[in-house]
$ cat data.cif   # mmCIF, C-alpha atoms
data_run
#
loop_
_atom_site.group_PDB
_atom_site.id
_atom_site.type_symbol
_atom_site.label_atom_id
_atom_site.label_comp_id
_atom_site.auth_asym_id
_atom_site.auth_seq_id
_atom_site.Cartn_x
_atom_site.Cartn_y
_atom_site.Cartn_z
ATOM 1 C CA MET A 1 -4.289 -29.364 8.539
ATOM 2 C CA SER A 2 -7.902 -30.510 8.242
ATOM 3 C CA LYS A 3 -8.919 -32.772 5.386
ATOM 4 C CA ARG A 4 -10.204 -30.898 2.351
ATOM 5 C CA LEU A 5 -13.454 -32.064 0.794
ATOM 6 C CA THR A 6 -14.175 -32.170 -2.918
ATOM 7 C CA ILE A 7 -17.095 -30.475 -4.622
ATOM 8 C CA ALA A 8 -18.788 -32.810 -7.069
ATOM 9 C CA ALA A 9 -20.478 -31.510 -10.199
ATOM 10 C CA HIS A 10 -23.852 -32.973 -9.227
ATOM 11 C CA GLN A 11 -23.720 -31.050 -5.941
ATOM 12 C CA VAL A 12 -23.395 -27.755 -7.763
ATOM 13 C CA ASN A 13 -26.227 -28.675 -10.118
ATOM 14 C CA GLN A 14 -28.544 -29.423 -7.190
ATOM 15 C CA ILE A 15 -28.019 -26.086 -5.492
ATOM 16 C CA GLY A 16 -31.398 -24.479 -6.153
ATOM 17 C CA PRO A 17 -33.894 -26.959 -4.700
ATOM 18 C CA ALA A 18 -31.764 -28.038 -1.757
ATOM 19 C CA ALA A 19 -31.100 -24.497 -0.576
ATOM 20 C CA ASP A 20 -34.756 -23.511 -0.695
ATOM 21 C CA LYS A 21 -35.885 -26.595 1.169
ATOM 22 C CA THR A 22 -33.334 -26.204 3.942
ATOM 23 C CA GLN A 23 -33.907 -22.502 4.301
ATOM 24 C CA LEU A 24 -37.637 -23.015 4.796
ATOM 25 C CA LYS A 25 -36.859 -25.314 7.708
ATOM 26 C CA ALA A 26 -34.721 -22.657 9.342
ATOM 27 C CA VAL A 27 -37.254 -19.902 8.782
ATOM 28 C CA ASP A 28 -40.328 -21.839 9.851
ATOM 29 C CA GLY A 29 -38.910 -23.992 12.627
ATOM 30 C CA GLY A 30 -38.537 -21.360 15.354
ATOM 31 C CA TRP A 31 -37.010 -22.634 18.583
ATOM 32 C CA LYS A 32 -37.441 -26.232 17.378
ATOM 33 C CA ILE A 33 -34.389 -25.655 15.181
ATOM 34 C CA LEU A 34 -32.307 -25.457 18.351
ATOM 35 C CA LYS A 35 -33.343 -28.997 19.253
ATOM 36 C CA GLN A 36 -31.341 -30.212 16.261
ATOM 37 C CA ALA A 37 -27.716 -31.288 16.609
ATOM 38 C CA MET A 38 -25.077 -28.558 16.653
ATOM 39 C CA ALA A 39 -22.632 -28.252 13.768
ATOM 40 C CA LYS A 40 -19.848 -29.652 15.942
ATOM 41 C CA ASP A 41 -21.864 -32.819 16.574
ATOM 42 C CA VAL A 42 -22.770 -33.778 13.001
ATOM 43 C CA PRO A 43 -20.487 -35.336 10.365
ATOM 44 C CA LYS A 44 -18.313 -32.678 8.794
ATOM 45 C CA LYS A 45 -19.520 -33.777 5.355
ATOM 46 C CA GLN A 46 -23.018 -32.572 6.268
ATOM 47 C CA VAL A 47 -21.690 -29.155 7.260
ATOM 48 C CA PHE A 48 -19.682 -29.057 4.034
ATOM 49 C CA ASP A 49 -22.683 -29.953 1.864
ATOM 50 C CA ILE A 50 -24.986 -27.321 3.347
ATOM 51 C CA THR A 51 -22.204 -24.730 3.245
ATOM 52 C CA LEU A 52 -21.614 -25.466 -0.435
ATOM 53 C CA ILE A 53 -25.318 -25.107 -1.180
ATOM 54 C CA SER A 54 -25.564 -21.862 0.781
ATOM 55 C CA VAL A 55 -22.459 -20.303 -0.778
ATOM 56 C CA ALA A 56 -23.441 -21.261 -4.312
ATOM 57 C CA ARG A 57 -26.937 -19.870 -3.778
ATOM 58 C CA ALA A 58 -25.415 -16.618 -2.502
ATOM 59 C CA PHE A 59 -23.250 -16.262 -5.604
ATOM 60 C CA ALA A 60 -26.256 -16.992 -7.817
ATOM 61 C CA ASP A 61 -28.508 -14.523 -5.983
ATOM 62 C CA MET A 62 -25.825 -11.823 -6.175
ATOM 63 C CA ASN A 63 -25.288 -12.640 -9.865
ATOM 64 C CA VAL A 64 -21.602 -13.370 -9.256
ATOM 65 C CA LYS A 65 -20.556 -16.112 -11.649
ATOM 66 C CA ASP A 66 -16.859 -15.594 -12.249
ATOM 67 C CA ILE A 67 -15.489 -17.585 -9.296
ATOM 68 C CA SER A 68 -13.115 -20.345 -10.362
ATOM 69 C CA GLU A 69 -13.510 -23.948 -9.307
ATOM 70 C CA GLU A 70 -10.287 -23.693 -7.297
ATOM 71 C CA ASP A 71 -11.471 -20.575 -5.461
ATOM 72 C CA ARG A 72 -14.852 -22.126 -4.769
ATOM 73 C CA ASP A 73 -13.216 -25.264 -3.382
ATOM 74 C CA TYR A 74 -11.012 -23.182 -1.073
ATOM 75 C CA LEU A 75 -13.853 -20.920 0.070
ATOM 76 C CA VAL A 76 -16.258 -23.740 0.933
ATOM 77 C CA ASN A 77 -13.626 -25.842 2.695
ATOM 78 C CA GLU A 78 -12.274 -22.908 4.688
ATOM 79 C CA LEU A 79 -15.750 -21.752 5.670
ATOM 80 C CA THR A 80 -16.725 -25.286 6.684
ATOM 81 C CA ASP A 81 -13.637 -25.576 8.898
ATOM 82 C CA ASN A 82 -14.307 -22.195 10.504
ATOM 83 C CA ILE A 83 -17.974 -22.917 11.150
ATOM 84 C CA VAL A 84 -17.108 -26.099 13.020
ATOM 85 C CA LYS A 85 -14.267 -24.409 14.918
ATOM 86 C CA TYR A 86 -15.615 -20.944 15.688
ATOM 87 C CA TYR A 87 -19.409 -21.321 15.442
ATOM 88 C CA PRO A 88 -19.917 -24.887 16.717
ATOM 89 C CA SER A 89 -23.335 -24.213 18.228
ATOM 90 C CA ILE A 90 -25.030 -23.218 14.974
ATOM 91 C CA ARG A 91 -27.383 -25.805 13.514
ATOM 92 C CA ILE A 92 -26.681 -26.682 9.897
ATOM 93 C CA SER A 93 -30.232 -25.766 8.880
ATOM 94 C CA GLU A 94 -29.501 -22.225 10.101
ATOM 95 C CA ILE A 95 -26.507 -21.728 7.801
ATOM 96 C CA PRO A 96 -28.530 -21.033 4.611
ATOM 97 C CA ASP A 97 -30.750 -18.611 6.523
ATOM 98 C CA ALA A 98 -27.783 -16.703 7.961
ATOM 99 C CA ILE A 99 -26.103 -16.351 4.570
ATOM 100 C CA ALA A 100 -29.323 -15.493 2.720
ATOM 101 C CA LEU A 101 -30.097 -12.715 5.202
ATOM 102 C CA GLY A 102 -26.507 -11.503 5.104
ATOM 103 C CA ILE A 103 -26.309 -10.996 1.344
ATOM 104 C CA ARG A 104 -29.581 -9.067 1.515
ATOM 105 C CA GLY A 105 -28.024 -6.518 3.846
ATOM 106 C CA LYS A 106 -29.846 -7.534 7.003
ATOM 107 C CA TYR A 107 -26.608 -7.350 8.978
ATOM 108 C CA GLY A 108 -25.222 -4.200 7.428
ATOM 109 C CA PRO A 109 -22.891 -3.527 4.497
ATOM 110 C CA PHE A 110 -20.349 -6.078 3.310
ATOM 111 C CA TYR A 111 -17.650 -6.003 0.692
ATOM 112 C CA GLY A 112 -17.661 -8.936 -1.684
ATOM 113 C CA LEU A 113 -18.344 -12.603 -1.026
ATOM 114 C CA SER A 114 -15.447 -14.143 0.845
ATOM 115 C CA VAL A 115 -14.726 -16.363 3.824
ATOM 116 C CA VAL A 116 -14.627 -13.242 5.998
ATOM 117 C CA SER A 117 -17.981 -11.902 4.799
ATOM 118 C CA PHE A 118 -19.688 -15.294 5.118
ATOM 119 C CA GLU A 119 -18.304 -15.675 8.644
ATOM 120 C CA GLY A 120 -19.595 -12.200 9.390
ATOM 121 C CA PHE A 121 -23.089 -13.230 8.293
ATOM 122 C CA ILE A 122 -23.027 -16.271 10.575
ATOM 123 C CA SER A 123 -21.685 -14.298 13.526
ATOM 124 C CA ALA A 124 -24.305 -11.578 13.048
ATOM 125 C CA TYR A 125 -27.058 -14.174 12.721
ATOM 126 C CA LEU A 126 -26.090 -15.832 16.003
ATOM 127 C CA TYR A 127 -26.351 -12.460 17.763
ATOM 128 C CA SER A 128 -29.449 -11.345 15.899
ATOM 129 C CA GLU A 129 -32.730 -10.594 17.605
ATOM 130 C CA LYS A 130 -34.357 -13.482 15.748
ATOM 131 C CA ARG A 131 -31.827 -16.009 17.060
ATOM 132 C CA THR A 132 -31.933 -14.545 20.570
ATOM 133 C CA CYS A 133 -35.707 -14.897 20.633
ATOM 134 C CA MET A 134 -35.421 -18.519 19.514
ATOM 135 C CA VAL A 135 -33.127 -19.238 22.453
ATOM 136 C CA ARG A 136 -35.468 -17.494 24.899
ATOM 137 C CA GLU A 137 -38.506 -19.356 23.583
ATOM 138 C CA MET A 138 -36.902 -22.789 23.790
ATOM 139 C CA PRO A 139 -38.514 -24.823 26.593
ATOM 140 C CA VAL A 140 -36.274 -25.761 29.487
ATOM 141 C CA ASP A 141 -35.355 -29.440 29.619
ATOM 142 C CA ASP A 142 -37.205 -31.391 32.270
ATOM 143 C CA GLU A 143 -33.976 -33.001 33.431
ATOM 144 C CA PRO A 144 -31.558 -30.381 34.803
ATOM 145 C CA ARG A 145 -28.051 -30.808 33.446
ATOM 146 C CA GLN A 146 -25.068 -31.166 35.718
ATOM 147 C CA PRO A 147 -22.906 -28.056 35.241
ATOM 148 C CA PRO A 148 -19.258 -28.663 34.336
ATOM 149 C CA SER A 149 -16.712 -28.412 37.123
ATOM 150 C CA MET A 150 -14.976 -25.113 37.815
ATOM 151 C CA GLU A 151 -11.735 -26.579 36.454
ATOM 152 C CA ILE A 152 -13.416 -27.455 33.161
ATOM 153 C CA GLN A 153 -15.078 -24.038 33.015
ATOM 154 C CA PHE A 154 -11.693 -22.384 33.523
ATOM 155 C CA GLU A 155 -9.965 -24.446 30.838
ATOM 156 C CA THR A 156 -12.798 -23.844 28.363
ATOM 157 C CA ALA A 157 -12.797 -20.102 28.992
ATOM 158 C CA LYS A 158 -8.997 -19.968 28.788
ATOM 159 C CA ASN A 159 -8.971 -21.801 25.444
ATOM 160 C CA ASN A 160 -11.730 -19.551 24.088
ATOM 161 C CA THR A 161 -9.710 -16.501 25.108
ATOM 162 C CA LEU A 162 -6.523 -17.725 23.442
ATOM 163 C CA GLU A 163 -8.442 -18.640 20.277
ATOM 164 C CA THR A 164 -9.958 -15.156 20.260
ATOM 165 C CA LEU A 165 -6.483 -13.649 20.552
ATOM 166 C CA GLN A 166 -5.404 -15.747 17.582
ATOM 167 C CA ARG A 167 -8.383 -14.506 15.578
ATOM 168 C CA LYS A 168 -7.350 -10.961 16.447
ATOM 169 C CA LEU A 169 -3.810 -11.705 15.258
ATOM 170 C CA ASN A 170 -5.257 -13.138 12.044
ATOM 171 C CA LYS A 171 -7.316 -9.951 11.588
ATOM 172 C CA LYS A 172 -10.584 -11.851 11.916
ATOM 173 C CA ASP A 173 -13.772 -10.779 13.640
ATOM 174 C CA ILE A 174 -13.893 -11.471 17.397
ATOM 175 C CA GLU A 175 -17.459 -10.399 18.126
ATOM 176 C CA VAL A 176 -18.918 -13.898 18.364
ATOM 177 C CA THR A 177 -16.913 -14.704 21.527
ATOM 178 C CA ALA A 178 -16.277 -11.167 22.779
ATOM 179 C CA SER A 179 -18.878 -11.063 25.541
ATOM 180 C CA SER A 180 -17.950 -14.375 27.178
ATOM 181 C CA VAL A 181 -14.205 -13.716 26.865
ATOM 182 C CA TYR A 182 -14.605 -10.201 28.282
ATOM 183 C CA ASN A 183 -16.593 -11.555 31.238
ATOM 184 C CA PHE A 184 -13.937 -14.199 31.881
ATOM 185 C CA LEU A 185 -11.067 -11.701 31.833
ATOM 186 C CA ASP A 186 -13.068 -9.291 33.972
ATOM 187 C CA ARG A 187 -13.638 -12.051 36.513
ATOM 188 C CA LEU A 188 -9.873 -12.572 36.581
ATOM 189 C CA LYS A 189 -9.521 -8.817 37.224
ATOM 190 C CA LEU A 190 -7.520 -8.361 34.026
ATOM 191 C CA ILE A 191 -9.862 -5.742 32.550
ATOM 192 C CA ASN A 192 -8.722 -2.515 34.152
ATOM 193 C CA PHE A 193 -10.405 0.284 32.235
ATOM 194 C CA THR A 194 -11.434 3.365 34.174
ATOM 195 C CA THR A 195 -15.065 4.386 34.510
ATOM 196 C CA ASP A 196 -14.519 7.176 31.972
ATOM 197 C CA GLU A 197 -12.902 4.762 29.508
ATOM 198 C CA LYS A 198 -15.810 2.349 29.872
ATOM 199 C CA TYR A 199 -18.286 5.168 29.279
ATOM 200 C CA ASP A 200 -16.397 6.225 26.150
ATOM 201 C CA MET A 201 -16.508 2.648 24.851
ATOM 202 C CA LEU A 202 -20.227 2.445 25.537
ATOM 203 C CA ALA A 203 -20.724 5.726 23.671
ATOM 204 C CA ASP A 204 -18.677 4.380 20.747
ATOM 205 C CA ALA A 205 -20.796 1.236 20.805
ATOM 206 C CA VAL A 206 -23.977 3.315 20.640
ATOM 207 C CA ARG A 207 -22.598 5.294 17.681
ATOM 208 C CA SER A 208 -21.782 2.023 15.946
ATOM 209 C CA LEU A 209 -25.333 0.777 16.485
ATOM 210 C CA ILE A 210 -26.719 4.045 15.134
ATOM 211 C CA LYS A 211 -24.734 3.606 11.914
ATOM 212 C CA GLU A 212 -26.018 0.053 11.515
ATOM 213 C CA LEU A 213 -29.616 1.111 12.070
ATOM 214 C CA GLU A 214 -29.282 4.021 9.658
ATOM 215 C CA PHE A 215 -28.146 1.573 6.997
ATOM 216 C CA LYS A 216 -30.914 -0.851 7.935
ATOM 217 C CA LEU A 217 -33.390 1.993 7.493
ATOM 218 C CA THR A 218 -32.426 2.289 3.816
ATOM 219 C CA ILE A 219 -33.287 -1.350 3.073
ATOM 220 C CA SER A 220 -36.154 -1.997 5.477
ATOM 221 C CA ARG A 221 -39.837 -2.266 4.713
ATOM 222 C CA MET A 222 -42.135 0.671 5.337
ATOM 223 C CA THR A 223 -43.778 -1.188 8.222
ATOM 224 C CA GLU A 224 -40.426 -1.512 10.014
ATOM 225 C CA ARG A 225 -39.142 2.026 9.571
ATOM 226 C CA ALA A 226 -41.020 3.714 12.411
ATOM 227 C CA GLU A 227 -39.539 1.337 14.976
ATOM 228 C CA ILE A 228 -36.041 1.683 13.512
ATOM 229 C CA LYS A 229 -36.303 5.479 13.543
ATOM 230 C CA LYS A 230 -37.390 5.372 17.184
ATOM 231 C CA ASP A 231 -34.406 3.200 18.093
ATOM 232 C CA ILE A 232 -32.064 5.615 16.304
ATOM 233 C CA THR A 233 -33.597 8.570 18.145
ATOM 234 C CA ASP A 234 -33.362 6.795 21.505
ATOM 235 C CA LEU A 235 -29.716 5.895 20.899
ATOM 236 C CA LYS A 236 -28.847 9.467 19.935
ATOM 237 C CA GLN A 237 -30.636 10.840 22.991
ATOM 238 C CA SER A 238 -28.690 8.456 25.212
ATOM 239 C CA ILE A 239 -25.469 10.127 24.044
ATOM 240 C CA ILE A 240 -26.649 13.732 23.908
ATOM 241 C CA LYS A 241 -28.822 13.827 27.029
ATOM 242 C CA ARG A 242 -27.884 10.518 28.677
ATOM 243 C CA VAL A 243 -31.488 9.350 28.451
ATOM 244 C CA PRO A 244 -31.755 5.710 29.657
ATOM 245 C CA LEU A 245 -32.184 3.083 26.937
ATOM 246 C CA ASN A 246 -34.739 0.294 26.949
ATOM 247 C CA ASP A 247 -33.560 -3.189 27.911
ATOM 248 C CA HIS A 248 -33.167 -4.366 24.311
ATOM 249 C CA LEU A 249 -30.995 -1.445 23.208
ATOM 250 C CA ILE A 250 -28.876 -1.375 26.345
ATOM 251 C CA CYS A 251 -28.234 -5.096 25.902
ATOM 252 C CA LEU A 252 -27.046 -4.545 22.321
ATOM 253 C CA ALA A 253 -24.946 -1.547 23.346
ATOM 254 C CA LYS A 254 -23.268 -3.434 26.190
ATOM 255 C CA LEU A 255 -22.460 -6.373 23.922
ATOM 256 C CA ARG A 256 -20.885 -4.026 21.391
ATOM 257 C CA ALA A 257 -19.012 -2.133 24.127
ATOM 258 C CA LYS A 258 -17.560 -5.384 25.454
ATOM 259 C CA THR A 259 -16.322 -6.167 21.957
ATOM 260 C CA LEU A 260 -14.596 -2.781 21.758
ATOM 261 C CA ALA A 261 -13.111 -3.191 25.235
ATOM 262 C CA LEU A 262 -11.846 -6.687 24.487
ATOM 263 C CA ASP A 263 -10.363 -5.510 21.208
ATOM 264 C CA ALA A 264 -8.479 -2.761 23.058
ATOM 265 C CA PHE A 265 -7.277 -5.235 25.694
ATOM 266 C CA LEU A 266 -6.023 -7.717 23.090
ATOM 267 C CA SER A 267 -4.333 -4.931 21.139
ATOM 268 C CA ASN A 268 -2.423 -4.043 24.290
ATOM 269 C CA VAL A 269 -1.494 -7.703 24.816
ATOM 270 C CA ILE A 270 -0.100 -7.847 21.283
ATOM 271 C CA ILE A 271 1.788 -4.548 21.524
ATOM 272 C CA GLU A 272 3.374 -5.442 24.857
ATOM 273 C CA GLU A 273 4.017 -9.051 23.757
ATOM 274 C CA THR A 274 2.304 -10.315 26.898
ATOM 275 C CA ASP A 275 2.133 -14.067 27.458
ATOM 276 C CA LEU A 276 -1.638 -14.157 27.827
ATOM 277 C CA ALA A 277 -1.751 -17.882 28.569
ATOM 278 C CA ALA A 278 0.638 -17.461 31.495
ATOM 279 C CA LEU A 279 -1.196 -14.368 32.711
ATOM 280 C CA ILE A 280 -4.512 -16.224 32.739
ATOM 281 C CA GLU A 281 -2.943 -19.238 34.411
ATOM 282 C CA SER A 282 -1.639 -16.997 37.197
ATOM 283 C CA ARG A 283 -5.261 -16.116 38.022
ATOM 284 C CA ARG A 284 -6.563 -19.696 38.082
ATOM 285 C CA GLU A 285 -7.095 -19.750 41.848
ATOM 286 C CA LEU A 286 -8.980 -16.466 41.706
ATOM 287 C CA PHE A 287 -11.418 -18.040 39.241
ATOM 288 C CA LEU A 288 -11.782 -21.268 41.197
ATOM 289 C CA GLU A 289 -12.549 -19.351 44.375
ATOM 290 C CA GLY A 290 -15.639 -18.038 42.621
#

$ encode --input "data.cif" --output "structure tokens"
Amino acid sequence: MSKRLTIAAHQVNQIGPAADKTQLKAVDGGWKILKQAMAKDVPKKQVFDITLISVARAFADMNVKDISEEDRDYLVNELTDNIVKYYPSIRISEIPDAIALGIRGKYGPFYGLSVVSFEGFISAYLYSEKRTCMVREMPVDDEPRQPPSMEIQFETAKNNTLETLQRKLNKKDIEVTASSVYNFLDRLKLINFTTDEKYDMLADAVRSLIKELEFKLTISRMTERAEIKKDITDLKQSIIKRVPLNDHLICLAKLRAKTLALDAFLSNVIIEETDLAALIESRRELFLEG
């Protein structure tokens, strides 16, 4: 069990100024934010402190004041642990931004403020258009990095897959790792859906995106609504008339479809009590052959 950290009274009292200052860095920094150390590479106390500030600000902004000290301590510690474990690449200055956008409905509806909802905000932020653009805009390092060996790549992908299965068993969201895990299992020829099944999943993914955009339309600014309406229309036409989507929408739809496909695969693994670790290990040579 990881060590639990204690919330001091002065930390709670300093919530307002610290949150605003950090959030401005995340909003204004652009791709430069990604040059900062990842959450997994900074002292856990720093992740804890910024998580506390972000959570407390969220409760204040939502006018929720009836959380007990014990519940707050659990929530912040659990969220800190999960950020380091499941979202290690996020920069700590991005955490307030992700949570602030989440409670304002930027990532769709949520039900209460809990570890699950806060994790959902962070996951959605990491896959958001804003974050994707930051990654694309980041200059390439002058010194090319040596890629990890195929053995290391296999072990990393295997561990990610087994952790994703555990999240599924714990009824937690798997979207943050779904695409990479799906690609890994597909490379091992373990994803065996028919063409029709894949099309159905893609159609379900498009319907899911339509629902999200329809909600976003209700909270968006007037200047954003025309573009959102166009995206909704394009998505609907892709189902009704199979009209091709633009690159941005097809990318989002494929990511969502992979999540649905992976969820179905893992459900089957659970139902059939398959030893997924052994199954993956049996395909090691297939992966190493490239």

$ residues_around --input "data.cif" --residues "Arg131 in chain A" --least-positions-apart "6" --cutoff "12 Å" --atoms "all atoms listed in the file" --output "NGL selection string"
:A and (26-27 or 29-34 or 89-91 or 94 or 97-98 or 122-125 or 137-138)

$ closest_residue --input "data.cif" --among "A:Arg187, A:Lys168, A:Lys198, A:Arg57" --to "Glu289 in chain A" --atoms "all atoms listed in the file"
A:Arg187

$ resolve_selection --input "data.cif" --expression "the PyMOL selection byres ((chain A and resi 182) around 8)" --output "ChimeraX atom specification"
/A:178-181,183-186,191,258-259,261-262

$ closest_residue --input "data.cif" --among "A:Val47, A:Leu190, A:Ile92, A:Leu209" --to "Arg283 in chain A" --atoms "all atoms listed in the file"
A:Leu190

$ atom_distance --input "data.cif" --atom1 "CA of His248 in chain A" --atom2 "CA of Lys216 in chain A"
16.9 Å

$ resolve_selection --input "data.cif" --expression "the PyMOL selection byres ((chain A and resi 266-277) around 8)" --output "number ranges by chain"
A: 158, 162, 165, 168, 262-265, 278-281

$ write_last_selection --input "data.cif" --atoms "C-alpha atoms" --output "mmCIF file, in the frame of the given file"
data_model
loop_
_atom_site.group_PDB
_atom_site.id
_atom_site.type_symbol
_atom_site.label_atom_id
_atom_site.label_comp_id
_atom_site.auth_asym_id
_atom_site.auth_seq_id
_atom_site.Cartn_x
_atom_site.Cartn_y
_atom_site.Cartn_z
ATOM 1 C CA LYS A 158 -8.997 -19.968 28.788
ATOM 2 C CA LEU A 162 -6.523 -17.725 23.442
ATOM 3 C CA LEU A 165 -6.483 -13.649 20.552
ATOM 4 C CA LYS A 168 -7.350 -10.961 16.447
ATOM 5 C CA LEU A 262 -11.846 -6.687 24.487
ATOM 6 C CA ASP A 263 -10.363 -5.510 21.208
ATOM 7 C CA ALA A 264 -8.479 -2.761 23.058
ATOM 8 C CA PHE A 265 -7.277 -5.235 25.694
ATOM 9 C CA ALA A 278 0.638 -17.461 31.495
ATOM 10 C CA LEU A 279 -1.196 -14.368 32.711
ATOM 11 C CA ILE A 280 -4.512 -16.224 32.739
ATOM 12 C CA GLU A 281 -2.943 -19.238 34.411
#

$ closest_residue --input "data.cif" --among "A:Thr223, A:Ser54, A:Ser128, A:Ser282" --to "Tyr107 in chain A" --atoms "only C-alpha atoms"
A:Ser128

$ resolve_selection --input "data.cif" --expression "the PyMOL selection byres ((chain A and resi 208) around 12)" --output "mmCIF file with C-alpha atoms, keeping the file's coordinate frame"
data_model
loop_
_atom_site.group_PDB
_atom_site.id
_atom_site.type_symbol
_atom_site.label_atom_id
_atom_site.label_comp_id
_atom_site.auth_asym_id
_atom_site.auth_seq_id
_atom_site.Cartn_x
_atom_site.Cartn_y
_atom_site.Cartn_z
ATOM 1 C CA GLY A 108 -25.222 -4.200 7.428
ATOM 2 C CA MET A 201 -16.508 2.648 24.851
ATOM 3 C CA LEU A 202 -20.227 2.445 25.537
ATOM 4 C CA ALA A 203 -20.724 5.726 23.671
ATOM 5 C CA ASP A 204 -18.677 4.380 20.747
ATOM 6 C CA ALA A 205 -20.796 1.236 20.805
ATOM 7 C CA VAL A 206 -23.977 3.315 20.640
ATOM 8 C CA ARG A 207 -22.598 5.294 17.681
ATOM 9 C CA LEU A 209 -25.333 0.777 16.485
ATOM 10 C CA ILE A 210 -26.719 4.045 15.134
ATOM 11 C CA LYS A 211 -24.734 3.606 11.914
ATOM 12 C CA GLU A 212 -26.018 0.053 11.515
ATOM 13 C CA LEU A 213 -29.616 1.111 12.070
ATOM 14 C CA GLU A 214 -29.282 4.021 9.658
ATOM 15 C CA PHE A 215 -28.146 1.573 6.997
ATOM 16 C CA ILE A 232 -32.064 5.615 16.304
ATOM 17 C CA LEU A 235 -29.716 5.895 20.899
ATOM 18 C CA LYS A 236 -28.847 9.467 19.935
ATOM 19 C CA LEU A 252 -27.046 -4.545 22.321
ATOM 20 C CA ALA A 253 -24.946 -1.547 23.346
ATOM 21 C CA LYS A 254 -23.268 -3.434 26.190
ATOM 22 C CA LEU A 255 -22.460 -6.373 23.922
ATOM 23 C CA ARG A 256 -20.885 -4.026 21.391
ATOM 24 C CA ALA A 257 -19.012 -2.133 24.127
ATOM 25 C CA THR A 259 -16.322 -6.167 21.957
ATOM 26 C CA LEU A 260 -14.596 -2.781 21.758
#

$ closest_residue --input "data.cif" --among "A:Tyr86, A:Ala37, A:Ala60, A:Asp73" --to "Asn159 in chain A" --atoms "only C-alpha atoms"
A:Tyr86

$ atom_distance --input "data.cif" --atom1 "CA of Pro43 in chain A" --atom2 "CA of Gly102 in chain A"
25.1 Å

$ closest_residue --input "data.cif" --among "A:Leu113, A:Leu101, A:Glu163, A:Thr80" --to "Asn63 in chain A" --atoms "only C-alpha atoms"
A:Leu113

$ atom_distance --input "data.cif" --atom1 "CA of Phe287 in chain A" --atom2 "CA of Met150 in chain A"
8.0 Å

$ axis_aligned_box --input "data.cif" --around "range 284-288 of chain A" --padding-each-side "6 Å" --output "AutoDock Vina command-line options"
--center_x -9.2 --center_y -18.9 --center_z 40.0 --size_x 17.2 --size_y 16.8 --size_z 15.8

$ closest_residue --input "data.cif" --among "A:Asp61, A:Glu155, A:Asp49, A:Glu129" --to "Arg284 in chain A" --atoms "all atoms listed in the file"
A:Glu155

$ decode --input "data.cif" --residues "range 39-61 of chain A" --atoms "C-alpha atoms" --output "short mmCIF file (atom, residue, chain, number, x, y, z; two decimals), in the first residue's frame"
data_model
loop_
_atom_site.label_atom_id
_atom_site.label_comp_id
_atom_site.auth_asym_id
_atom_site.auth_seq_id
_atom_site.Cartn_x
_atom_site.Cartn_y
_atom_site.Cartn_z
CA ALA A 39 4.19 13.47 -12.89
CA LYS A 40 6.04 10.16 -12.54
CA ASP A 41 9.38 11.99 -12.40
CA VAL A 42 8.64 14.57 -9.70
CA PRO A 43 8.40 13.99 -5.93
CA LYS A 44 5.03 12.53 -5.05
CA LYS A 45 4.51 15.32 -2.52
CA GLN A 46 4.41 17.82 -5.40
CA VAL A 47 1.73 15.81 -7.19
CA PHE A 48 -0.18 15.56 -3.91
CA ASP A 49 -0.01 19.30 -3.25
CA ILE A 50 -1.25 20.32 -6.70
CA THR A 51 -3.95 17.65 -6.59
CA LEU A 52 -5.15 18.95 -3.23
CA ILE A 53 -5.28 22.50 -4.57
CA SER A 54 -7.12 21.42 -7.71
CA VAL A 55 -9.67 19.26 -5.88
CA ALA A 56 -10.38 21.89 -3.24
CA ARG A 57 -10.82 24.55 -5.93
CA ALA A 58 -13.25 22.25 -7.75
CA PHE A 59 -15.36 21.77 -4.63
CA ALA A 60 -15.34 25.53 -4.02
CA ASP A 61 -16.28 26.36 -7.62
#
